[in-house]
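Raw target12.txt, compact mmCIF, N, CA and C atoms:
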```
# COMPACT_ATOMS: atom_id res chain seq x y z
N MET A 1 82.90 117.27 72.10
CA MET A 1 82.40 118.41 72.84
C MET A 1 81.97 117.95 74.24
N LYS A 2 82.39 118.70 75.25
CA LYS A 2 82.04 118.38 76.62
C LYS A 2 80.58 118.77 76.87
N ASP A 3 79.85 117.90 77.54
CA ASP A 3 78.45 118.20 77.85
C ASP A 3 78.37 119.33 78.86
N LYS A 4 77.51 120.29 78.59
CA LYS A 4 77.26 121.37 79.54
C LYS A 4 76.25 120.84 80.54
N LYS A 5 76.52 121.06 81.80
CA LYS A 5 75.61 120.62 82.85
C LYS A 5 74.68 121.77 83.23
N TYR A 6 73.43 121.46 83.40
CA TYR A 6 72.44 122.44 83.80
C TYR A 6 72.00 122.10 85.21
N LYS A 7 72.00 123.09 86.07
CA LYS A 7 71.59 122.86 87.45
C LYS A 7 70.08 122.63 87.48
N PRO A 8 69.66 121.49 87.99
CA PRO A 8 68.22 121.23 88.09
C PRO A 8 67.48 122.33 88.83
N SER A 9 68.08 122.88 89.87
CA SER A 9 67.42 123.93 90.64
C SER A 9 67.18 125.17 89.78
N LYS A 10 68.12 125.50 88.90
CA LYS A 10 67.95 126.66 88.02
C LYS A 10 66.86 126.40 86.99
N LEU A 11 66.87 125.20 86.39
CA LEU A 11 65.85 124.86 85.39
C LEU A 11 64.45 124.90 86.01
N LEU A 12 64.31 124.33 87.21
CA LEU A 12 63.00 124.32 87.86
C LEU A 12 62.60 125.73 88.30
N SER A 13 63.57 126.55 88.66
CA SER A 13 63.28 127.93 89.02
C SER A 13 62.69 128.68 87.82
N ILE A 14 63.28 128.47 86.64
CA ILE A 14 62.75 129.09 85.42
C ILE A 14 61.34 128.58 85.14
N PHE A 15 61.14 127.27 85.27
CA PHE A 15 59.81 126.68 85.04
C PHE A 15 58.77 127.31 85.96
N ARG A 16 59.09 127.44 87.25
CA ARG A 16 58.14 128.00 88.22
C ARG A 16 57.90 129.49 87.98
N ARG A 17 58.97 130.23 87.69
CA ARG A 17 58.88 131.68 87.53
C ARG A 17 58.13 132.08 86.26
N LYS A 18 58.34 131.33 85.18
CA LYS A 18 57.75 131.67 83.88
C LYS A 18 56.47 130.93 83.57
N GLY A 19 56.12 129.96 84.41
CA GLY A 19 54.93 129.16 84.16
C GLY A 19 54.53 128.45 85.43
N GLY A 20 54.47 127.13 85.37
CA GLY A 20 54.15 126.35 86.56
C GLY A 20 53.44 125.06 86.23
N GLU A 21 53.12 124.33 87.27
CA GLU A 21 52.46 123.04 87.11
C GLU A 21 51.04 123.20 86.58
N GLY A 22 50.54 122.11 86.00
CA GLY A 22 49.16 122.05 85.53
C GLY A 22 48.52 120.79 86.08
N LEU A 23 47.38 120.43 85.53
CA LEU A 23 46.70 119.21 85.98
C LEU A 23 47.50 117.95 85.63
N MET A 24 48.17 117.97 84.45
CA MET A 24 48.90 116.79 83.98
C MET A 24 50.42 117.01 83.98
N THR A 25 50.89 118.17 84.40
CA THR A 25 52.32 118.47 84.41
C THR A 25 52.75 118.71 85.85
N LYS A 26 53.67 117.89 86.31
CA LYS A 26 54.08 117.96 87.71
C LYS A 26 55.60 117.98 87.83
N ILE A 27 56.07 118.81 88.77
CA ILE A 27 57.47 118.75 89.18
C ILE A 27 57.60 117.46 89.98
N ILE A 28 58.61 116.68 89.68
CA ILE A 28 58.76 115.38 90.32
C ILE A 28 59.38 115.54 91.70
N ASN A 29 58.74 114.91 92.68
CA ASN A 29 59.24 114.93 94.06
C ASN A 29 59.03 113.56 94.68
N ASN A 30 59.41 113.41 95.93
CA ASN A 30 59.31 112.10 96.60
C ASN A 30 57.87 111.60 96.69
N GLU A 31 56.92 112.52 96.86
CA GLU A 31 55.53 112.10 97.03
C GLU A 31 54.91 111.60 95.73
N ASN A 32 55.22 112.25 94.61
CA ASN A 32 54.56 111.85 93.35
C ASN A 32 55.41 110.95 92.47
N SER A 33 56.65 110.68 92.83
CA SER A 33 57.52 109.88 91.96
C SER A 33 56.95 108.49 91.61
N PRO A 34 56.19 107.82 92.49
CA PRO A 34 55.60 106.53 92.07
C PRO A 34 54.67 106.65 90.85
N ASP A 35 54.09 107.83 90.64
CA ASP A 35 53.20 108.04 89.49
C ASP A 35 53.95 108.00 88.16
N PHE A 36 55.28 108.10 88.21
CA PHE A 36 56.08 108.18 87.00
C PHE A 36 57.03 106.99 86.83
N HIS A 37 56.65 105.88 87.42
CA HIS A 37 57.50 104.68 87.36
C HIS A 37 57.85 104.29 85.92
N HIS A 38 56.86 104.27 85.04
CA HIS A 38 57.11 103.91 83.63
C HIS A 38 58.10 104.86 82.99
N GLN A 39 57.94 106.16 83.21
CA GLN A 39 58.82 107.15 82.61
C GLN A 39 60.25 106.99 83.13
N PHE A 40 60.40 106.62 84.39
CA PHE A 40 61.73 106.47 84.98
C PHE A 40 62.51 105.31 84.37
N THR A 41 61.82 104.37 83.71
CA THR A 41 62.54 103.26 83.09
C THR A 41 63.39 103.74 81.91
N PHE A 42 63.15 104.97 81.43
CA PHE A 42 63.92 105.53 80.31
C PHE A 42 65.13 106.33 80.77
N LEU A 43 65.31 106.48 82.08
CA LEU A 43 66.42 107.27 82.60
C LEU A 43 67.74 106.51 82.55
N LYS A 44 68.81 107.27 82.35
CA LYS A 44 70.15 106.72 82.46
C LYS A 44 70.56 106.75 83.92
N THR A 45 71.56 105.97 84.28
CA THR A 45 72.07 105.97 85.64
C THR A 45 72.51 107.38 86.02
N GLY A 46 72.02 107.86 87.14
CA GLY A 46 72.39 109.18 87.64
C GLY A 46 71.62 110.34 87.04
N GLU A 47 70.74 110.06 86.09
CA GLU A 47 69.97 111.13 85.45
C GLU A 47 68.82 111.55 86.37
N GLN A 48 68.65 112.85 86.55
CA GLN A 48 67.64 113.35 87.47
C GLN A 48 66.39 113.82 86.72
N PRO A 49 65.24 113.18 86.99
CA PRO A 49 63.99 113.64 86.39
C PRO A 49 63.55 114.92 87.08
N LEU A 50 63.11 115.91 86.29
CA LEU A 50 62.70 117.19 86.86
C LEU A 50 61.19 117.37 86.85
N LEU A 51 60.58 117.18 85.67
CA LEU A 51 59.14 117.34 85.58
C LEU A 51 58.59 116.47 84.48
N CYS A 52 57.30 116.19 84.57
CA CYS A 52 56.67 115.31 83.59
C CYS A 52 55.27 115.81 83.26
N PHE A 53 55.00 115.86 81.96
CA PHE A 53 53.65 116.08 81.44
C PHE A 53 53.18 114.70 81.01
N LYS A 54 52.14 114.20 81.66
CA LYS A 54 51.70 112.83 81.39
C LYS A 54 50.21 112.80 81.12
N GLN A 55 49.88 112.53 79.83
CA GLN A 55 48.48 112.33 79.47
C GLN A 55 48.06 110.92 79.86
N ASP A 56 48.90 109.95 79.48
CA ASP A 56 48.71 108.55 79.82
C ASP A 56 50.06 107.85 79.63
N GLU A 57 50.10 106.54 79.77
CA GLU A 57 51.38 105.82 79.69
C GLU A 57 51.98 105.78 78.29
N SER A 58 51.21 106.15 77.27
CA SER A 58 51.72 106.16 75.90
C SER A 58 51.98 107.55 75.35
N ASN A 59 51.63 108.58 76.12
CA ASN A 59 51.77 109.96 75.66
C ASN A 59 52.23 110.83 76.83
N TRP A 60 53.51 111.15 76.82
CA TRP A 60 54.08 111.93 77.92
C TRP A 60 55.38 112.61 77.49
N LEU A 61 55.78 113.59 78.29
CA LEU A 61 57.01 114.33 78.08
C LEU A 61 57.72 114.40 79.42
N LEU A 62 58.95 113.92 79.46
CA LEU A 62 59.75 113.94 80.68
C LEU A 62 60.95 114.84 80.44
N VAL A 63 61.13 115.83 81.31
CA VAL A 63 62.27 116.72 81.23
C VAL A 63 63.19 116.37 82.38
N THR A 64 64.46 116.10 82.05
CA THR A 64 65.44 115.73 83.07
C THR A 64 66.51 116.82 83.15
N GLY A 65 67.50 116.58 83.96
CA GLY A 65 68.61 117.52 84.06
C GLY A 65 69.52 117.48 82.85
N ASP A 66 69.36 116.46 81.97
CA ASP A 66 70.26 116.27 80.84
C ASP A 66 69.59 116.26 79.47
N ARG A 67 68.29 115.95 79.43
CA ARG A 67 67.65 115.77 78.13
C ARG A 67 66.13 115.81 78.24
N ILE A 68 65.52 115.75 77.07
CA ILE A 68 64.07 115.69 76.92
C ILE A 68 63.74 114.30 76.40
N ILE A 69 62.76 113.67 77.01
CA ILE A 69 62.30 112.36 76.56
C ILE A 69 60.79 112.49 76.34
N GLU A 70 60.35 112.08 75.16
CA GLU A 70 58.92 112.13 74.86
C GLU A 70 58.48 110.80 74.29
N GLU A 71 57.30 110.38 74.69
CA GLU A 71 56.69 109.21 74.07
C GLU A 71 55.33 109.62 73.52
N LYS A 72 55.15 109.34 72.21
CA LYS A 72 53.88 109.61 71.53
C LYS A 72 53.41 108.32 70.92
N ASN A 73 52.37 107.75 71.47
CA ASN A 73 51.78 106.52 70.94
C ASN A 73 52.82 105.44 70.67
N GLY A 74 53.71 105.24 71.61
CA GLY A 74 54.70 104.17 71.51
C GLY A 74 56.01 104.54 70.85
N ALA A 75 56.09 105.70 70.21
CA ALA A 75 57.35 106.16 69.59
C ALA A 75 58.06 107.07 70.59
N THR A 76 59.31 106.73 70.90
CA THR A 76 60.05 107.48 71.91
C THR A 76 61.11 108.36 71.26
N LEU A 77 61.21 109.58 71.75
CA LEU A 77 62.16 110.57 71.26
C LEU A 77 63.07 110.97 72.41
N PHE A 78 64.36 111.02 72.14
CA PHE A 78 65.35 111.45 73.12
C PHE A 78 66.14 112.60 72.53
N ILE A 79 66.18 113.74 73.20
CA ILE A 79 66.98 114.87 72.73
C ILE A 79 67.86 115.34 73.87
N PRO A 80 69.15 115.02 73.80
CA PRO A 80 70.08 115.53 74.83
C PRO A 80 70.22 117.05 74.70
N TYR A 81 70.37 117.72 75.81
CA TYR A 81 70.51 119.17 75.78
C TYR A 81 71.68 119.63 74.93
N ARG A 82 72.74 118.84 74.88
CA ARG A 82 73.91 119.24 74.08
C ARG A 82 73.59 119.32 72.59
N GLU A 83 72.49 118.69 72.16
CA GLU A 83 72.08 118.71 70.75
C GLU A 83 70.97 119.72 70.46
N LEU A 84 70.43 120.34 71.50
CA LEU A 84 69.31 121.26 71.34
C LEU A 84 69.84 122.67 71.05
N ILE A 85 69.53 123.19 69.85
CA ILE A 85 70.04 124.51 69.50
C ILE A 85 68.96 125.56 69.33
N GLU A 86 67.70 125.13 69.23
CA GLU A 86 66.62 126.10 69.04
C GLU A 86 65.31 125.55 69.57
N VAL A 87 64.55 126.42 70.21
CA VAL A 87 63.22 126.08 70.72
C VAL A 87 62.27 127.19 70.27
N GLY A 88 61.16 126.80 69.68
CA GLY A 88 60.19 127.80 69.24
C GLY A 88 58.78 127.28 69.37
N ILE A 89 57.85 128.18 69.17
CA ILE A 89 56.44 127.82 69.19
C ILE A 89 56.09 127.19 67.85
N ALA A 90 55.41 126.07 67.87
CA ALA A 90 55.03 125.36 66.64
C ALA A 90 53.77 126.01 66.06
N LEU A 91 53.93 127.24 65.58
CA LEU A 91 52.80 128.02 65.08
C LEU A 91 52.04 127.34 63.94
N TYR A 92 52.77 126.79 62.99
CA TYR A 92 52.12 126.14 61.85
C TYR A 92 51.17 125.05 62.32
N GLU A 93 51.65 124.19 63.21
CA GLU A 93 50.83 123.08 63.70
C GLU A 93 49.63 123.57 64.50
N GLU A 94 49.84 124.61 65.31
CA GLU A 94 48.73 125.15 66.09
C GLU A 94 47.67 125.75 65.17
N TYR A 95 48.10 126.62 64.23
CA TYR A 95 47.15 127.26 63.32
C TYR A 95 46.45 126.25 62.43
N LYS A 96 47.20 125.24 61.98
CA LYS A 96 46.62 124.19 61.13
C LYS A 96 45.46 123.49 61.84
N ASP A 97 45.58 123.36 63.15
CA ASP A 97 44.52 122.72 63.94
C ASP A 97 43.49 123.72 64.47
N GLY A 98 43.58 124.97 63.99
CA GLY A 98 42.60 125.97 64.37
C GLY A 98 42.83 126.62 65.73
N VAL A 99 44.01 126.42 66.30
CA VAL A 99 44.32 127.03 67.60
C VAL A 99 44.95 128.39 67.33
N ILE A 100 44.23 129.44 67.71
CA ILE A 100 44.75 130.79 67.47
C ILE A 100 45.00 131.56 68.77
N ASP A 101 44.45 131.07 69.86
CA ASP A 101 44.65 131.70 71.16
C ASP A 101 45.93 131.15 71.76
N LYS A 102 46.92 132.03 72.00
CA LYS A 102 48.22 131.56 72.48
C LYS A 102 48.13 130.86 73.84
N THR A 103 47.08 131.12 74.62
CA THR A 103 46.95 130.43 75.90
C THR A 103 46.54 128.97 75.71
N ALA A 104 46.15 128.60 74.49
CA ALA A 104 45.75 127.22 74.21
C ALA A 104 46.84 126.44 73.47
N PHE A 105 48.00 127.07 73.22
CA PHE A 105 49.09 126.38 72.53
C PHE A 105 49.61 125.22 73.38
N THR A 106 49.97 124.13 72.69
CA THR A 106 50.51 122.95 73.39
C THR A 106 51.78 122.41 72.75
N ARG A 107 52.16 122.93 71.58
CA ARG A 107 53.29 122.33 70.87
C ARG A 107 54.48 123.29 70.72
N LEU A 108 55.65 122.67 70.84
CA LEU A 108 56.91 123.38 70.63
C LEU A 108 57.69 122.68 69.53
N VAL A 109 58.46 123.45 68.79
CA VAL A 109 59.34 122.86 67.78
C VAL A 109 60.77 122.98 68.31
N LEU A 110 61.46 121.85 68.33
CA LEU A 110 62.85 121.79 68.79
C LEU A 110 63.74 121.48 67.61
N LYS A 111 64.85 122.18 67.50
CA LYS A 111 65.79 121.93 66.42
C LYS A 111 67.11 121.45 67.03
N ASP A 112 67.68 120.41 66.42
CA ASP A 112 68.93 119.87 66.95
C ASP A 112 70.14 120.30 66.11
N THR A 113 71.30 119.89 66.55
CA THR A 113 72.55 120.30 65.89
C THR A 113 72.66 119.78 64.47
N ASN A 114 71.89 118.78 64.10
CA ASN A 114 71.89 118.25 62.73
C ASN A 114 70.89 118.97 61.83
N GLY A 115 70.18 119.97 62.39
CA GLY A 115 69.20 120.71 61.62
C GLY A 115 67.84 120.04 61.56
N LYS A 116 67.67 118.94 62.27
CA LYS A 116 66.39 118.23 62.29
C LYS A 116 65.46 118.87 63.31
N SER A 117 64.19 118.98 62.94
CA SER A 117 63.19 119.57 63.83
C SER A 117 62.24 118.50 64.37
N TYR A 118 61.82 118.70 65.61
CA TYR A 118 60.90 117.78 66.28
C TYR A 118 59.79 118.60 66.91
N ILE A 119 58.58 118.08 66.87
CA ILE A 119 57.45 118.73 67.53
C ILE A 119 57.17 117.95 68.81
N ILE A 120 57.21 118.64 69.93
CA ILE A 120 56.85 118.00 71.20
C ILE A 120 55.57 118.65 71.71
N LYS A 121 54.86 117.92 72.54
CA LYS A 121 53.58 118.39 73.05
C LYS A 121 53.65 118.51 74.56
N SER A 122 53.03 119.57 75.08
CA SER A 122 52.93 119.75 76.52
C SER A 122 51.50 120.17 76.86
N GLU A 123 51.28 120.39 78.12
CA GLU A 123 49.97 120.84 78.58
C GLU A 123 49.83 122.34 78.33
N LYS A 124 48.65 122.76 77.89
CA LYS A 124 48.44 124.19 77.61
C LYS A 124 48.48 125.00 78.90
N GLY A 125 48.67 126.29 78.73
CA GLY A 125 48.63 127.20 79.88
C GLY A 125 49.99 127.41 80.53
N GLU A 126 49.97 127.48 81.84
CA GLU A 126 51.19 127.78 82.60
C GLU A 126 52.28 126.73 82.39
N ALA A 127 51.90 125.48 82.30
CA ALA A 127 52.90 124.41 82.10
C ALA A 127 53.61 124.61 80.76
N TYR A 128 52.86 124.92 79.71
CA TYR A 128 53.44 125.17 78.39
C TYR A 128 54.44 126.32 78.45
N LYS A 129 54.03 127.42 79.07
CA LYS A 129 54.90 128.58 79.16
C LYS A 129 56.18 128.26 79.93
N GLY A 130 56.05 127.53 81.02
CA GLY A 130 57.22 127.17 81.83
C GLY A 130 58.18 126.26 81.10
N ILE A 131 57.64 125.25 80.42
CA ILE A 131 58.49 124.32 79.66
C ILE A 131 59.17 125.05 78.52
N TYR A 132 58.43 125.89 77.81
CA TYR A 132 59.01 126.67 76.72
C TYR A 132 60.18 127.52 77.22
N GLN A 133 59.98 128.25 78.28
CA GLN A 133 61.04 129.13 78.79
C GLN A 133 62.24 128.34 79.31
N MET A 134 61.99 127.23 79.95
CA MET A 134 63.07 126.41 80.47
C MET A 134 63.91 125.84 79.32
N LEU A 135 63.26 125.30 78.30
CA LEU A 135 64.00 124.73 77.17
C LEU A 135 64.65 125.82 76.32
N HIS A 136 64.02 126.97 76.24
CA HIS A 136 64.61 128.11 75.52
C HIS A 136 65.92 128.52 76.22
N HIS A 137 65.93 128.52 77.53
CA HIS A 137 67.15 128.81 78.30
C HIS A 137 68.24 127.80 77.97
N VAL A 138 67.89 126.52 77.93
CA VAL A 138 68.86 125.48 77.62
C VAL A 138 69.46 125.70 76.24
N ALA A 139 68.60 125.92 75.25
CA ALA A 139 69.09 126.11 73.87
C ALA A 139 69.92 127.38 73.76
N SER A 140 69.51 128.46 74.40
CA SER A 140 70.26 129.71 74.33
C SER A 140 71.61 129.58 75.00
N THR A 141 71.67 128.90 76.12
CA THR A 141 72.92 128.69 76.85
C THR A 141 73.87 127.84 76.02
N ALA A 142 73.33 126.79 75.39
CA ALA A 142 74.15 125.91 74.55
C ALA A 142 74.71 126.69 73.37
N LYS A 143 73.88 127.51 72.75
CA LYS A 143 74.29 128.30 71.60
C LYS A 143 75.39 129.30 72.00
N ASP A 144 75.23 129.93 73.17
CA ASP A 144 76.21 130.90 73.66
C ASP A 144 77.56 130.26 73.92
N SER A 145 77.55 129.00 74.37
CA SER A 145 78.81 128.34 74.70
C SER A 145 79.55 127.84 73.46
N THR A 146 78.87 127.78 72.30
CA THR A 146 79.53 127.32 71.08
C THR A 146 80.02 128.48 70.22
N THR A 147 79.58 129.68 70.53
CA THR A 147 79.99 130.83 69.73
C THR A 147 81.17 131.54 70.32
```
Once you've parsed the file, please lay out its structure as C-alpha cells.
Amino acid sequence: MKDKKYKPSKLLSIFRRKGGEGLMTKIINNENSPDFHHQFTFLKTGEQPLLCFKQDESNWLLVTGDRIIEEKNGATLFIPYRELIEVGIALYEEYKDGVIDKTAFTRLVLKDTNGKSYIIKSEKGEAYKGIYQMLHHVASTAKDSTT
C-alpha cells in the first residue's frame, strides 16, 4: 500500500482551528526547535516534526507529518499514519481516574490496522482538542482511501 502524504500545513491548520497550543504543547518552529533536540533524535531522514507535547524528557508526544511518536517513562511508541484507522477519546481511562469534565481529558485511544489499541497522552484543554481533531482527520482520510 502506498503511503498517503498529509500536508503539514493542513494538519497544523486543523490543530490551530480546533484547538491550539498549551503550556507544554508547542507547534515546532525555528525559535523553539532547540527545546526538542531529544525528540528529534527519533525522526527519520526527511521527516517533518509538527508539534510536541513535552512534560519532560521521558514523557512526551511528537506529531510529525508522517506518524505519531510517544515516549512514556522510557517506552517509545511509533504509529505511522498509514496504520492509524481510528482515534477516540479514552473514556474508560479518564472515568477510571475520576476525570468526568471533558475539558480535563488528556488521553486518546488509537487503533491500528492490526486491531491493536494504544493510549496516548496529551495536554488537557485546547491542545488536547487540537491533537484529537488532527489525528481524527488522519484516521478518517486513511479509512476513506481504503474503502
Checklist line | Atom-to-atom span, CA of Gln133 in chain A and CA of Phe78 in chain A, Å | finding: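 One can read the CA of Gln133 in chain A to CA of Phe78 in chain A distance as 19.1 Å.
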Next item on the list: Please identify all polymer residues within 6.5 Å of Lys124 in chain A, counting only N, CA and C atoms, omitting same-chain residues fewer than 3 positions from it, and present them as a VMD selection string.
Entry: chain A and resid 103 to 106 127 to 129
Counting only N, CA and C atoms, what is within 6 Å of Thr64 in chain A, bar same-chain residues fewer than 4 positions away, as a tab-separated table (two decimals) with N, CA and C atoms, in the frame of the given file?
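Generated output (part-v2.tsv):
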```tsv
chain	number	residue	atom	x	y	z
A	48	GLN	N	68.65	112.85	86.55
A	48	GLN	CA	67.64	113.35	87.47
A	48	GLN	C	66.39	113.82	86.72
A	49	PRO	N	65.24	113.18	86.99
A	49	PRO	CA	63.99	113.64	86.39
A	49	PRO	C	63.55	114.92	87.08
A	50	LEU	N	63.11	115.91	86.29
A	50	LEU	CA	62.70	117.19	86.86
A	50	LEU	C	61.19	117.37	86.85
A	51	LEU	N	60.58	117.18	85.67
A	51	LEU	CA	59.14	117.34	85.58
A	51	LEU	C	58.59	116.47	84.48
A	68	ILE	N	65.52	115.75	77.07
A	68	ILE	CA	64.07	115.69	76.92
A	68	ILE	C	63.74	114.30	76.40
A	69	ILE	N	62.76	113.67	77.01
A	69	ILE	CA	62.30	112.36	76.56
A	69	ILE	C	60.79	112.49	76.34
```
Note to self: Nearest residue to Lys7 in chain A out of A:Ser58, A:Glu31, A:Gly65, A:Ala139, using all atoms listed in the file?
What the structure shows: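 For Lys7 in chain A, the nearest of the given residues is A:Gly65.
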Note to self: I need the residue nearest Ile79 in chain A from this list: A:Lys102, A:Lys96, A:Lys10, A:Arg67. Use only C-alpha atoms for the distance.
What the structure shows: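 Answer, going by the shortest atom-to-atom distance: A:Arg67.
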Check chain A with DSSP on the backbone and list each residue it calls alpha helix (DSSP H), as an mmCIF file with N, CA and C atoms, keeping the file's coordinate frame.
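See selection09.cif below for the written result:
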```
data_model
loop_
_atom_site.group_PDB
_atom_site.id
_atom_site.type_symbol
_atom_site.label_atom_id
_atom_site.label_comp_id
_atom_site.auth_asym_id
_atom_site.auth_seq_id
_atom_site.Cartn_x
_atom_site.Cartn_y
_atom_site.Cartn_z
ATOM 1 N N PRO A 8 69.660 121.490 87.990
ATOM 2 C CA PRO A 8 68.220 121.230 88.090
ATOM 3 C C PRO A 8 67.480 122.330 88.830
ATOM 4 N N SER A 9 68.080 122.880 89.870
ATOM 5 C CA SER A 9 67.420 123.930 90.640
ATOM 6 C C SER A 9 67.180 125.170 89.780
ATOM 7 N N LYS A 10 68.120 125.500 88.900
ATOM 8 C CA LYS A 10 67.950 126.660 88.020
ATOM 9 C C LYS A 10 66.860 126.400 86.990
ATOM 10 N N LEU A 11 66.870 125.200 86.390
ATOM 11 C CA LEU A 11 65.850 124.860 85.390
ATOM 12 C C LEU A 11 64.450 124.900 86.010
ATOM 13 N N LEU A 12 64.310 124.330 87.210
ATOM 14 C CA LEU A 12 63.000 124.320 87.860
ATOM 15 C C LEU A 12 62.600 125.730 88.300
ATOM 16 N N SER A 13 63.570 126.550 88.660
ATOM 17 C CA SER A 13 63.280 127.930 89.020
ATOM 18 C C SER A 13 62.690 128.680 87.820
ATOM 19 N N ILE A 14 63.280 128.470 86.640
ATOM 20 C CA ILE A 14 62.750 129.090 85.420
ATOM 21 C C ILE A 14 61.340 128.580 85.140
ATOM 22 N N PHE A 15 61.140 127.270 85.270
ATOM 23 C CA PHE A 15 59.810 126.680 85.040
ATOM 24 C C PHE A 15 58.770 127.310 85.960
ATOM 25 N N ARG A 16 59.090 127.440 87.250
ATOM 26 C CA ARG A 16 58.140 128.000 88.220
ATOM 27 C C ARG A 16 57.900 129.490 87.980
ATOM 28 N N ARG A 17 58.970 130.230 87.690
ATOM 29 C CA ARG A 17 58.880 131.680 87.530
ATOM 30 C C ARG A 17 58.130 132.080 86.260
ATOM 31 N N LYS A 18 58.340 131.330 85.180
ATOM 32 C CA LYS A 18 57.750 131.670 83.880
ATOM 33 C C LYS A 18 56.470 130.930 83.570
ATOM 34 N N HIS A 37 56.650 105.880 87.420
ATOM 35 C CA HIS A 37 57.500 104.680 87.360
ATOM 36 C C HIS A 37 57.850 104.290 85.920
ATOM 37 N N HIS A 38 56.860 104.270 85.040
ATOM 38 C CA HIS A 38 57.110 103.910 83.630
ATOM 39 C C HIS A 38 58.100 104.860 82.990
ATOM 40 N N GLN A 39 57.940 106.160 83.210
ATOM 41 C CA GLN A 39 58.820 107.150 82.610
ATOM 42 C C GLN A 39 60.250 106.990 83.130
ATOM 43 N N PHE A 40 60.400 106.620 84.390
ATOM 44 C CA PHE A 40 61.730 106.470 84.980
ATOM 45 C C PHE A 40 62.510 105.310 84.370
ATOM 46 N N LEU A 91 53.930 127.240 65.580
ATOM 47 C CA LEU A 91 52.800 128.020 65.080
ATOM 48 C C LEU A 91 52.040 127.340 63.940
ATOM 49 N N TYR A 92 52.770 126.790 62.990
ATOM 50 C CA TYR A 92 52.120 126.140 61.850
ATOM 51 C C TYR A 92 51.170 125.050 62.320
ATOM 52 N N GLU A 93 51.650 124.190 63.210
ATOM 53 C CA GLU A 93 50.830 123.080 63.700
ATOM 54 C C GLU A 93 49.630 123.570 64.500
ATOM 55 N N GLU A 94 49.840 124.610 65.310
ATOM 56 C CA GLU A 94 48.730 125.150 66.090
ATOM 57 C C GLU A 94 47.670 125.750 65.170
ATOM 58 N N TYR A 95 48.100 126.620 64.230
ATOM 59 C CA TYR A 95 47.150 127.260 63.320
ATOM 60 C C TYR A 95 46.450 126.250 62.430
ATOM 61 N N LYS A 96 47.200 125.240 61.980
ATOM 62 C CA LYS A 96 46.620 124.190 61.130
ATOM 63 C C LYS A 96 45.460 123.490 61.840
ATOM 64 N N GLU A 126 49.970 127.480 81.840
ATOM 65 C CA GLU A 126 51.190 127.780 82.600
ATOM 66 C C GLU A 126 52.280 126.730 82.390
ATOM 67 N N ALA A 127 51.900 125.480 82.300
ATOM 68 C CA ALA A 127 52.900 124.410 82.100
ATOM 69 C C ALA A 127 53.610 124.610 80.760
ATOM 70 N N TYR A 128 52.860 124.920 79.710
ATOM 71 C CA TYR A 128 53.440 125.170 78.390
ATOM 72 C C TYR A 128 54.440 126.320 78.450
ATOM 73 N N LYS A 129 54.030 127.420 79.070
ATOM 74 C CA LYS A 129 54.900 128.580 79.160
ATOM 75 C C LYS A 129 56.180 128.260 79.930
ATOM 76 N N GLY A 130 56.050 127.530 81.020
ATOM 77 C CA GLY A 130 57.220 127.170 81.830
ATOM 78 C C GLY A 130 58.180 126.260 81.100
ATOM 79 N N ILE A 131 57.640 125.250 80.420
ATOM 80 C CA ILE A 131 58.490 124.320 79.660
ATOM 81 C C ILE A 131 59.170 125.050 78.520
ATOM 82 N N TYR A 132 58.430 125.890 77.810
ATOM 83 C CA TYR A 132 59.010 126.670 76.720
ATOM 84 C C TYR A 132 60.180 127.520 77.220
ATOM 85 N N GLN A 133 59.980 128.250 78.280
ATOM 86 C CA GLN A 133 61.040 129.130 78.790
ATOM 87 C C GLN A 133 62.240 128.340 79.310
ATOM 88 N N MET A 134 61.990 127.230 79.950
ATOM 89 C CA MET A 134 63.070 126.410 80.470
ATOM 90 C C MET A 134 63.910 125.840 79.320
ATOM 91 N N LEU A 135 63.260 125.300 78.300
ATOM 92 C CA LEU A 135 64.000 124.730 77.170
ATOM 93 C C LEU A 135 64.650 125.820 76.320
ATOM 94 N N HIS A 136 64.020 126.970 76.240
ATOM 95 C CA HIS A 136 64.610 128.110 75.520
ATOM 96 C C HIS A 136 65.920 128.520 76.220
ATOM 97 N N HIS A 137 65.930 128.520 77.530
ATOM 98 C CA HIS A 137 67.150 128.810 78.300
ATOM 99 C C HIS A 137 68.240 127.800 77.970
ATOM 100 N N VAL A 138 67.890 126.520 77.930
ATOM 101 C CA VAL A 138 68.860 125.480 77.620
ATOM 102 C C VAL A 138 69.460 125.700 76.240
ATOM 103 N N ALA A 139 68.600 125.920 75.250
ATOM 104 C CA ALA A 139 69.090 126.110 73.870
ATOM 105 C C ALA A 139 69.920 127.380 73.760
ATOM 106 N N SER A 140 69.510 128.460 74.400
ATOM 107 C CA SER A 140 70.260 129.710 74.330
ATOM 108 C C SER A 140 71.610 129.580 75.000
ATOM 109 N N THR A 141 71.670 128.900 76.120
ATOM 110 C CA THR A 141 72.920 128.690 76.850
ATOM 111 C C THR A 141 73.870 127.840 76.020
ATOM 112 N N ALA A 142 73.330 126.790 75.390
ATOM 113 C CA ALA A 142 74.150 125.910 74.550
ATOM 114 C C ALA A 142 74.710 126.690 73.370
ATOM 115 N N LYS A 143 73.880 127.510 72.750
ATOM 116 C CA LYS A 143 74.290 128.300 71.600
ATOM 117 C C LYS A 143 75.390 129.300 72.000
ATOM 118 N N ASP A 144 75.230 129.930 73.170
ATOM 119 C CA ASP A 144 76.210 130.900 73.660
ATOM 120 C C ASP A 144 77.560 130.260 73.920
ATOM 121 N N SER A 145 77.550 129.000 74.370
ATOM 122 C CA SER A 145 78.810 128.340 74.700
ATOM 123 C C SER A 145 79.550 127.840 73.460
ATOM 124 N N THR A 146 78.870 127.780 72.300
ATOM 125 C CA THR A 146 79.530 127.320 71.080
ATOM 126 C C THR A 146 80.020 128.480 70.220
#
```
What are the closest atom pairs, with distances in Å to one decimal, for all residues of range 51-135 of chain A lying within 6.5 Å of range 18-24 of chain A? Consider all atoms listed in the file, order rows by chain and residue number, and present the result as a Markdown table.
```
| residue | atom | partner | partner_atom | distance |
| --- | --- | --- | --- | --- |
| A:Cys52 | C | A:Met24 | C | 5.0 |
| A:Phe53 | CA | A:Met24 | C | 4.2 |
| A:Lys54 | N | A:Met24 | C | 4.0 |
| A:Gln55 | N | A:Met24 | CA | 6.0 |
| A:Gly125 | C | A:Gly19 | CA | 6.4 |
| A:Glu126 | C | A:Gly20 | N | 3.7 |
| A:Ala127 | CA | A:Gly20 | C | 4.2 |
| A:Tyr128 | N | A:Gly20 | N | 6.3 |
| A:Lys129 | C | A:Gly19 | CA | 4.5 |
| A:Gly130 | N | A:Gly19 | CA | 3.7 |
| A:Ile131 | N | A:Gly19 | CA | 6.1 |
```
